[in-house]
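**Student:** Have a look at the structure that comes next, please.
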Amino acid sequence: MTFELLLVLAAGLFSIGLFGALSQQSIVMIMMGIELMIGGIIVVAADFWHFLAPTGSGQVVIVAAVVAMAVEMAMGFAVTTAIYRVRQVDMTDMAEDLKG
């Protein structure tokens, strides 16, 4: 794959994620959109590291970012599940009373 093609892929991932995060009201769908945006950023970072500095050190950072993304998503789902179990809230409009 070429540098430009990977940048287009990353831009597509980021754009779909941005649309999903801004257009949805479900907390889970917003989190999925944010994860797509982070995935696009990781693709750009891997693309730059592969084509500009083709050493193995960039791979370690990319793997660490993917692991951090997975942990962040698991924690987000855990918090969302806990909020839903306590207050039956699954939409952002209904979560306004959680301010405190």
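FYI, nothing fancy with the structure tokens labels: chains A, B, ... in order, residues from 1 per chain, ligands from 1 as they appear.
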Among chain A, which ones does DSSP place in helix (DSSP H, G or I), written as a PyMOL selection string?
**Tutor:** chain A and resi 3-23+27-52+57-87+93-98
**Student:** Got time to write the residues from that selection, C-alpha atoms, as a short mmCIF file (atom, residue, chain, number, x, y, z; two decimals), in the first residue's frame?
**Tutor:**
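This is the output file selection22.cif:
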data_model
loop_
_atom_site.label_atom_id
_atom_site.label_comp_id
_atom_site.auth_asym_id
_atom_site.auth_seq_id
_atom_site.Cartn_x
_atom_site.Cartn_y
_atom_site.Cartn_z
CA PHE A 3 1.58 6.39 1.62
CA GLU A 4 -1.30 8.32 0.05
CA LEU A 5 -3.66 5.34 0.10
CA LEU A 6 -3.07 4.80 3.80
CA LEU A 7 -3.68 8.50 4.46
CA VAL A 8 -6.99 8.27 2.57
CA LEU A 9 -7.90 5.20 4.64
CA ALA A 10 -7.10 7.04 7.85
CA ALA A 11 -9.07 10.11 6.74
CA GLY A 12 -12.03 7.86 5.92
CA LEU A 13 -11.89 6.17 9.32
CA PHE A 14 -11.64 9.50 11.10
CA SER A 15 -14.49 11.02 9.06
CA ILE A 16 -16.83 8.08 9.66
CA GLY A 17 -15.98 8.16 13.35
CA LEU A 18 -16.57 11.91 13.57
CA PHE A 19 -19.94 11.57 11.85
CA GLY A 20 -20.88 8.70 14.17
CA ALA A 21 -19.83 10.56 17.31
CA LEU A 22 -21.65 13.76 16.38
CA SER A 23 -24.85 12.29 14.93
CA ILE A 27 -23.63 6.49 24.52
CA VAL A 28 -22.31 3.24 23.04
CA MET A 29 -22.52 4.56 19.47
CA ILE A 30 -20.68 7.74 20.48
CA MET A 31 -17.93 5.63 22.04
CA MET A 32 -17.70 3.56 18.86
CA GLY A 33 -17.32 6.74 16.80
CA ILE A 34 -14.55 7.95 19.08
CA GLU A 35 -12.80 4.59 18.73
CA LEU A 36 -12.96 4.87 14.94
CA MET A 37 -11.39 8.33 15.14
CA ILE A 38 -8.61 7.02 17.37
CA GLY A 39 -8.12 4.12 14.94
CA GLY A 40 -7.68 6.62 12.10
CA ILE A 41 -5.08 8.51 14.10
CA ILE A 42 -3.22 5.27 14.82
CA VAL A 43 -3.23 4.40 11.10
CA VAL A 44 -1.74 7.84 10.30
CA ALA A 45 0.94 7.40 12.96
CA ALA A 46 1.84 3.93 11.68
CA ASP A 47 1.89 5.25 8.12
CA PHE A 48 4.29 8.06 8.97
CA TRP A 49 6.54 5.77 10.99
CA HIS A 50 6.63 3.16 8.23
CA PHE A 51 7.44 5.54 5.40
CA LEU A 52 9.52 8.23 7.14
CA SER A 57 10.63 1.42 17.37
CA GLY A 58 7.43 2.81 15.86
CA GLN A 59 5.74 -0.57 16.06
CA VAL A 60 6.08 -0.61 19.83
CA VAL A 61 4.33 2.74 20.14
CA ILE A 62 1.52 1.62 17.80
CA VAL A 63 0.96 -1.58 19.79
CA ALA A 64 0.92 0.41 23.03
CA ALA A 65 -1.64 2.81 21.52
CA VAL A 66 -3.87 -0.07 20.40
CA VAL A 67 -3.67 -1.65 23.85
CA ALA A 68 -4.52 1.68 25.48
CA MET A 69 -7.44 2.06 23.08
CA ALA A 70 -8.77 -1.38 24.02
CA VAL A 71 -8.47 -0.66 27.74
CA GLU A 72 -10.18 2.71 27.31
CA MET A 73 -13.05 1.08 25.42
CA ALA A 74 -13.45 -1.63 28.07
CA MET A 75 -13.55 0.99 30.83
CA GLY A 76 -16.05 3.08 28.85
CA PHE A 77 -18.34 0.10 28.40
CA ALA A 78 -18.02 -0.74 32.09
CA VAL A 79 -19.03 2.78 33.13
CA THR A 80 -21.87 2.82 30.61
CA THR A 81 -23.14 -0.54 31.86
CA ALA A 82 -22.97 0.64 35.47
CA ILE A 83 -24.90 3.84 34.67
CA TYR A 84 -27.50 1.85 32.76
CA ARG A 85 -27.98 -0.65 35.59
CA VAL A 86 -28.43 2.05 38.20
CA ARG A 87 -30.49 4.66 36.32
CA ASP A 93 -30.18 13.36 26.59
CA MET A 94 -31.23 11.27 29.57
CA ALA A 95 -27.79 11.58 31.20
CA GLU A 96 -28.08 15.33 31.85
CA ASP A 97 -29.19 14.74 35.43
CA LEU A 98 -25.85 13.01 36.13
#
